[in-house]
Every structure is written in structure tokens, then in C-alpha cells.
Amino acid sequence: MSKKFVPVMITPFTPEAKLDFDMVKVLVDFYLAAGVKGLFANCLSSEMYSISDDERLALTRAVVEHVNGRVPVVATGSFGLTIEDKAEFAKKIFDTGIDSVVLITGHYAAIDEGDDILLQRFDKMLSLTDNIPLGLYECPAPYKRVVTPEVLKTLVSTNRMFYHKDTCCDEAQVKAKLEVIKGTPMQFFDAHTPNGVSSMKAGAAGLSAIAGNFYPEILVWLCDHVDDPSKQKEVEWIQAELARVDPLIHVAYPMSAKFFLQLRGLPIHAISRAHALEPTPEEKAVLHSILDTLKSWYEKLGIKEVVYEDVAG
């Protein structure tokens, strides 16, 4: 089965820091032209904690409408103070037309509460959300709640969980989690680019990493060729290159991604509600050097770069 790259979408803003729906369409077309197999809207990269409930819904609806069924779309839906509030918001965001509502693991237990509490609250959430397809997201905020293989096994056994975005960054733990979901409908996506190849070879459905907001074509190529016997030398090489660059693109993110896409010719404003500081001259110089490196990656792997003219409506 071929692997899938599902980017965690960034949110474009106007100069007045309002949602830029025209640019949302351009971004969707950019991702699709790169060959992505799905989209994760309203996630941490989307600055979901810096926008209102109405904006979360409007943004997700705009993505779904422009995608128009071409690939699956998932979005975070676990917002609200109580489990009842979270369930109501999950229903609202599911009504935008997404394929699964993703629940943030850190929203269901405090950092000092045990897995028994976590599972009790998930059980209540499931009872309040009819048969809505759900997923899990080990989001770094409000804190990173990494689920154990045992917890994952329990949640998958409900037959309601179809998606998991993993951020444990630990190869052994990833393999243990993949073992417990084997044979179930759950699709497992690793968020940690440096572990991409090992996770996919262990059975992950694909990747869902922030690198897709810089060079989605490269991540798509990796997912497409990770199991290709004739491309293993190139797979090993690009995995090492991606691991080398990965810490650099996390600096000043998501502003770094918006600046990088500007360098690539997309007319996105370098405006963020989550990161108020513009990248420093030194950080911009690093991003310029990564762009030069990217050109060499395209050349070595025989990839056609997606340019703005290809996706401009």
C-alpha cells in the first residue's frame, strides 16, 4: 500500500490579521499540486489556539469546499472547557464536511492525571458524539500527552478511531503502537520527519510533518518511494538531508514557513497570530540557504517544483 503525505496546514492572514480565504485556496492548490494525499486543517500549524471558534469553523469549511472531495480532510475538534462543550464543537466542525474529527490527547487529562482519567473522559466524549469518525493528535500544546501503546489499543478497540498523528519521536514506541493497531482501520501518521522512513517501513500510513509547509514535493516523493527497491539509496540520502535541515525550519515557526513560501513565489503575507516576531536576518539567511539546497534536492530526485503560476487561479 502506498504511503501518504498529509500536511498540517498553515493559516494565511491578511495584513489586518484576518483570515485570508483567497490565499487558503491558493495554499490548498499548492499542496494538491505537490501530490499530497490528505490535509490536516485547524491544527497547531494553523494557529488554532490564536483564532476563535467561528474562525476555526470558517477556515475548515473553506478548506473542505475548495478541496471538493479530491483528498480527505481532517481537523481538530476538541475545543471547549467541558467534555460536553468539546462534543458540541466536534459536531459543528464535523458538519463542515471533514472526514474525521481529531481530538487532542492533552485536552482530556491534565498533565498530572493518569491514563485512567484520560480513558474515562475519552469514553464520555465518544458517548456524546454519535458515530462521528474520530482521530488522535499528540499536540505539543497545551502539553504533549503521548499515548502509550496500551491506551492506543483501548481507544482503537472502540471502532471510532481512524486517524492518529504521533509526536513521540521515538522509533521503539512508534513500532509498539503500530503493532497494536495492525489490522484496524486506524491510519498512523508520524509528525517527526527524521523518523519518517523507519516509521513507514514499520507500517505507518505516512507522514504529517511541518516540513510539508516548506517543501511538500519532497515529502510526497519520500512517501511515494520509501518502499521502492530501486530507490533505496535516494530514500536513505533524502531522509538524512531532511533530518539535517529539520531543526532549522522549526525556528520562528510558522512565520518561518510563510517567509519560505514567499521565497518560493507564493503571495502569502508573513503575518502570524501565534508568533509575533519576524525571523531575524540570520534566520532569514538560513531559510535562503535551505531554498538553495532544495533546488539541488529537486534536481537529484528528478522532482518538478510546484510554482505559483501552476496553482494561481
# chains A, B, ... in the order shown; residues from 1 in each chain; ligands from 1
$ select_by_dssp --residues "range 61-188 of chain A" --states "helix (DSSP H, G or I)" --output "PyMOL selection string"
chain A and resi 61-67+83-94+105-107+115-127+149-156+171-181
$ residues_around --residues "Met9 in chain A" --least-positions-apart "2" --cutoff "10 Å" --atoms "only C-alpha atoms" --output "list in words"
Val6, Pro7, Thr11, Pro12, Val24, Leu27, Val28, Tyr31, Leu39, Phe40, Ala41, Asn42, Cys43, Leu44, Ser45, Ser46, Glu47, Val63, Ala75, Ser208, Ala209, Ile210, Gly212 and Asn213 of chain A
$ residues_around --residues "Glu234 in chain A" --least-positions-apart "5" --cutoff "9 Å" --atoms "only C-alpha atoms" --output "ChimeraX atom specification"
/A:225,239,300-301
$ residues_around --residues "range 103-109 of chain A" --least-positions-apart "3" --cutoff "7 Å" --atoms "only C-alpha atoms" --output "ChimeraX atom specification"
/A:76-78,113,117-118,121-122,135-139,142-145
$ select_by_dssp --residues "range 33-246 of chain A" --states "strand (DSSP E)" --output "ChimeraX atom specification"
/A:39-41,73-76,100-104,134-137,161-166,187-190,206-207
$ write_last_selection --atoms "N, CA and C atoms" --output "PDB file, in the first residue's frame"
ATOM      1  N   LEU A  39      -5.294  16.452   3.889  1.00  0.00           N
ATOM      2  CA  LEU A  39      -4.956  17.727   4.526  1.00  0.00           C
ATOM      3  C   LEU A  39      -5.433  17.705   5.970  1.00  0.00           C
ATOM      4  N   PHE A  40      -4.608  18.258   6.847  1.00  0.00           N
ATOM      5  CA  PHE A  40      -4.983  18.426   8.251  1.00  0.00           C
ATOM      6  C   PHE A  40      -5.190  19.915   8.473  1.00  0.00           C
ATOM      7  N   ALA A  41      -6.464  20.325   8.521  1.00  0.00           N
ATOM      8  CA  ALA A  41      -6.814  21.727   8.750  1.00  0.00           C
ATOM      9  C   ALA A  41      -7.046  21.952  10.243  1.00  0.00           C
ATOM     10  N   VAL A  73      -9.985  15.305   4.330  1.00  0.00           N
ATOM     11  CA  VAL A  73      -9.595  16.418   5.197  1.00  0.00           C
ATOM     12  C   VAL A  73      -9.965  16.055   6.631  1.00  0.00           C
ATOM     13  N   VAL A  74      -9.027  16.255   7.554  1.00  0.00           N
ATOM     14  CA  VAL A  74      -9.317  16.107   8.979  1.00  0.00           C
ATOM     15  C   VAL A  74      -9.064  17.449   9.654  1.00  0.00           C
ATOM     16  N   ALA A  75      -9.645  17.639  10.839  1.00  0.00           N
ATOM     17  CA  ALA A  75      -9.461  18.903  11.559  1.00  0.00           C
ATOM     18  C   ALA A  75      -9.652  18.664  13.048  1.00  0.00           C
ATOM     19  N   THR A  76      -8.994  19.485  13.855  1.00  0.00           N
ATOM     20  CA  THR A  76      -9.105  19.369  15.306  1.00  0.00           C
ATOM     21  C   THR A  76     -10.476  19.845  15.779  1.00  0.00           C
ATOM     22  N   SER A 100     -12.779  13.185   9.395  1.00  0.00           N
ATOM     23  CA  SER A 100     -12.632  12.765  10.790  1.00  0.00           C
ATOM     24  C   SER A 100     -12.384  13.988  11.660  1.00  0.00           C
ATOM     25  N   VAL A 101     -12.903  13.933  12.887  1.00  0.00           N
ATOM     26  CA  VAL A 101     -12.632  14.971  13.879  1.00  0.00           C
ATOM     27  C   VAL A 101     -11.476  14.489  14.749  1.00  0.00           C
ATOM     28  N   VAL A 102     -10.419  15.264  14.804  1.00  0.00           N
ATOM     29  CA  VAL A 102      -9.225  14.872  15.546  1.00  0.00           C
ATOM     30  C   VAL A 102      -9.271  15.464  16.957  1.00  0.00           C
ATOM     31  N   LEU A 103      -8.999  14.627  17.953  1.00  0.00           N
ATOM     32  CA  LEU A 103      -9.051  15.027  19.353  1.00  0.00           C
ATOM     33  C   LEU A 103      -7.635  15.133  19.915  1.00  0.00           C
ATOM     34  N   ILE A 104      -7.343  16.248  20.567  1.00  0.00           N
ATOM     35  CA  ILE A 104      -6.018  16.455  21.140  1.00  0.00           C
ATOM     36  C   ILE A 104      -5.919  15.703  22.468  1.00  0.00           C
ATOM     37  N   LEU A 134     -13.436   9.608  14.470  1.00  0.00           N
ATOM     38  CA  LEU A 134     -12.519  10.399  15.284  1.00  0.00           C
ATOM     39  C   LEU A 134     -11.066  10.014  15.036  1.00  0.00           C
ATOM     40  N   GLY A 135     -10.184  10.892  15.502  1.00  0.00           N
ATOM     41  CA  GLY A 135      -8.761  10.630  15.439  1.00  0.00           C
ATOM     42  C   GLY A 135      -8.076  11.217  16.657  1.00  0.00           C
ATOM     43  N   LEU A 136      -6.784  10.956  16.792  1.00  0.00           N
ATOM     44  CA  LEU A 136      -5.989  11.430  17.926  1.00  0.00           C
ATOM     45  C   LEU A 136      -4.818  12.267  17.433  1.00  0.00           C
ATOM     46  N   TYR A 137      -4.435  13.229  18.270  1.00  0.00           N
ATOM     47  CA  TYR A 137      -3.351  14.145  17.922  1.00  0.00           C
ATOM     48  C   TYR A 137      -2.550  14.436  19.181  1.00  0.00           C
ATOM     49  N   MET A 161     -11.955   5.232  16.114  1.00  0.00           N
ATOM     50  CA  MET A 161     -10.709   5.950  15.855  1.00  0.00           C
ATOM     51  C   MET A 161     -10.111   5.526  14.520  1.00  0.00           C
ATOM     52  N   PHE A 162      -9.928   6.510  13.642  1.00  0.00           N
ATOM     53  CA  PHE A 162      -9.461   6.200  12.280  1.00  0.00           C
ATOM     54  C   PHE A 162      -8.155   6.905  11.900  1.00  0.00           C
ATOM     55  N   TYR A 163      -7.675   7.785  12.772  1.00  0.00           N
ATOM     56  CA  TYR A 163      -6.524   8.623  12.425  1.00  0.00           C
ATOM     57  C   TYR A 163      -5.701   8.845  13.689  1.00  0.00           C
ATOM     58  N   HIS A 164      -4.389   8.807  13.548  1.00  0.00           N
ATOM     59  CA  HIS A 164      -3.515   9.133  14.683  1.00  0.00           C
ATOM     60  C   HIS A 164      -2.299   9.899  14.182  1.00  0.00           C
ATOM     61  N   LYS A 165      -2.102  11.085  14.743  1.00  0.00           N
ATOM     62  CA  LYS A 165      -0.903  11.880  14.440  1.00  0.00           C
ATOM     63  C   LYS A 165       0.025  11.780  15.638  1.00  0.00           C
ATOM     64  N   ASP A 166       1.140  11.093  15.433  1.00  0.00           N
ATOM     65  CA  ASP A 166       2.044  10.739  16.514  1.00  0.00           C
ATOM     66  C   ASP A 166       3.216  11.711  16.613  1.00  0.00           C
ATOM     67  N   GLN A 187      -5.288   4.853  10.685  1.00  0.00           N
ATOM     68  CA  GLN A 187      -4.118   5.246   9.900  1.00  0.00           C
ATOM     69  C   GLN A 187      -3.191   6.069  10.795  1.00  0.00           C
ATOM     70  N   PHE A 188      -1.941   5.665  10.830  1.00  0.00           N
ATOM     71  CA  PHE A 188      -0.933   6.241  11.732  1.00  0.00           C
ATOM     72  C   PHE A 188      -0.002   7.139  10.925  1.00  0.00           C
ATOM     73  N   PHE A 189       0.104   8.395  11.343  1.00  0.00           N
ATOM     74  CA  PHE A 189       0.979   9.348  10.653  1.00  0.00           C
ATOM     75  C   PHE A 189       2.005   9.900  11.638  1.00  0.00           C
ATOM     76  N   ASP A 190       3.269   9.807  11.270  1.00  0.00           N
ATOM     77  CA  ASP A 190       4.334  10.330  12.134  1.00  0.00           C
ATOM     78  C   ASP A 190       4.546  11.810  11.828  1.00  0.00           C
ATOM     79  N   GLY A 206       1.872   6.975   6.723  1.00  0.00           N
ATOM     80  CA  GLY A 206       2.577   8.062   6.056  1.00  0.00           C
ATOM     81  C   GLY A 206       3.101   9.071   7.050  1.00  0.00           C
ATOM     82  N   LEU A 207       3.296  10.296   6.561  1.00  0.00           N
ATOM     83  CA  LEU A 207       3.855  11.378   7.364  1.00  0.00           C
ATOM     84  C   LEU A 207       2.892  12.551   7.417  1.00  0.00           C
TER      85      LEU A 207
END
$ closest_residue --among "A:Asp20, A:Glu55, A:Asp170, A:Glu283" --to "Ile249 in chain A" --atoms "only C-alpha atoms"
A:Glu283
$ atom_distance --atom1 "CA of Arg61 in chain A" --atom2 "CA of Ile268 in chain A"
19.8 Å
$ decode --residues "range 256-270 of chain A" --atoms "N, CA and C atoms" --output "PDB file, in the first residue's frame"
ATOM      1  N   SER A 256       8.382  31.230   9.884  1.00  0.00           N
ATOM      2  CA  SER A 256       9.444  30.745   9.001  1.00  0.00           C
ATOM      3  C   SER A 256       8.864  30.114   7.742  1.00  0.00           C
ATOM      4  N   ALA A 257       7.745  29.371   7.897  1.00  0.00           N
ATOM      5  CA  ALA A 257       7.115  28.723   6.738  1.00  0.00           C
ATOM      6  C   ALA A 257       6.534  29.761   5.789  1.00  0.00           C
ATOM      7  N   LYS A 258       5.916  30.791   6.348  1.00  0.00           N
ATOM      8  CA  LYS A 258       5.313  31.826   5.499  1.00  0.00           C
ATOM      9  C   LYS A 258       6.390  32.603   4.753  1.00  0.00           C
ATOM     10  N   PHE A 259       7.482  32.902   5.430  1.00  0.00           N
ATOM     11  CA  PHE A 259       8.592  33.581   4.758  1.00  0.00           C
ATOM     12  C   PHE A 259       9.182  32.694   3.671  1.00  0.00           C
ATOM     13  N   PHE A 260       9.309  31.403   3.958  1.00  0.00           N
ATOM     14  CA  PHE A 260       9.881  30.477   2.979  1.00  0.00           C
ATOM     15  C   PHE A 260       8.993  30.362   1.752  1.00  0.00           C
ATOM     16  N   LEU A 261       7.674  30.305   1.967  1.00  0.00           N
ATOM     17  CA  LEU A 261       6.759  30.238   0.828  1.00  0.00           C
ATOM     18  C   LEU A 261       6.805  31.530   0.006  1.00  0.00           C
ATOM     19  N   GLN A 262       7.045  32.657   0.666  1.00  0.00           N
ATOM     20  CA  GLN A 262       7.274  33.908  -0.078  1.00  0.00           C
ATOM     21  C   GLN A 262       8.496  33.765  -0.980  1.00  0.00           C
ATOM     22  N   LEU A 263       9.570  33.187  -0.436  1.00  0.00           N
ATOM     23  CA  LEU A 263      10.778  32.967  -1.240  1.00  0.00           C
ATOM     24  C   LEU A 263      10.481  32.072  -2.441  1.00  0.00           C
ATOM     25  N   ARG A 264       9.519  31.159  -2.273  1.00  0.00           N
ATOM     26  CA  ARG A 264       9.134  30.260  -3.353  1.00  0.00           C
ATOM     27  C   ARG A 264       8.160  30.907  -4.329  1.00  0.00           C
ATOM     28  N   GLY A 265       7.768  32.170  -4.059  1.00  0.00           N
ATOM     29  CA  GLY A 265       6.939  32.898  -5.008  1.00  0.00           C
ATOM     30  C   GLY A 265       5.468  32.972  -4.678  1.00  0.00           C
ATOM     31  N   LEU A 266       5.045  32.392  -3.538  1.00  0.00           N
ATOM     32  CA  LEU A 266       3.632  32.465  -3.172  1.00  0.00           C
ATOM     33  C   LEU A 266       3.336  33.808  -2.498  1.00  0.00           C
ATOM     34  N   PRO A 267       2.212  34.436  -2.852  1.00  0.00           N
ATOM     35  CA  PRO A 267       1.901  35.767  -2.319  1.00  0.00           C
ATOM     36  C   PRO A 267       1.240  35.707  -0.940  1.00  0.00           C
ATOM     37  N   ILE A 268       1.841  34.967  -0.027  1.00  0.00           N
ATOM     38  CA  ILE A 268       1.306  34.856   1.328  1.00  0.00           C
ATOM     39  C   ILE A 268       1.954  35.927   2.191  1.00  0.00           C
ATOM     40  N   HIS A 269       1.173  36.537   3.061  1.00  0.00           N
ATOM     41  CA  HIS A 269       1.720  37.556   3.956  1.00  0.00           C
ATOM     42  C   HIS A 269       2.452  36.874   5.115  1.00  0.00           C
ATOM     43  N   ALA A 270       3.593  37.418   5.469  1.00  0.00           N
ATOM     44  CA  ALA A 270       4.358  36.896   6.607  1.00  0.00           C
ATOM     45  C   ALA A 270       3.773  37.477   7.887  1.00  0.00           C
TER      46      ALA A 270
END
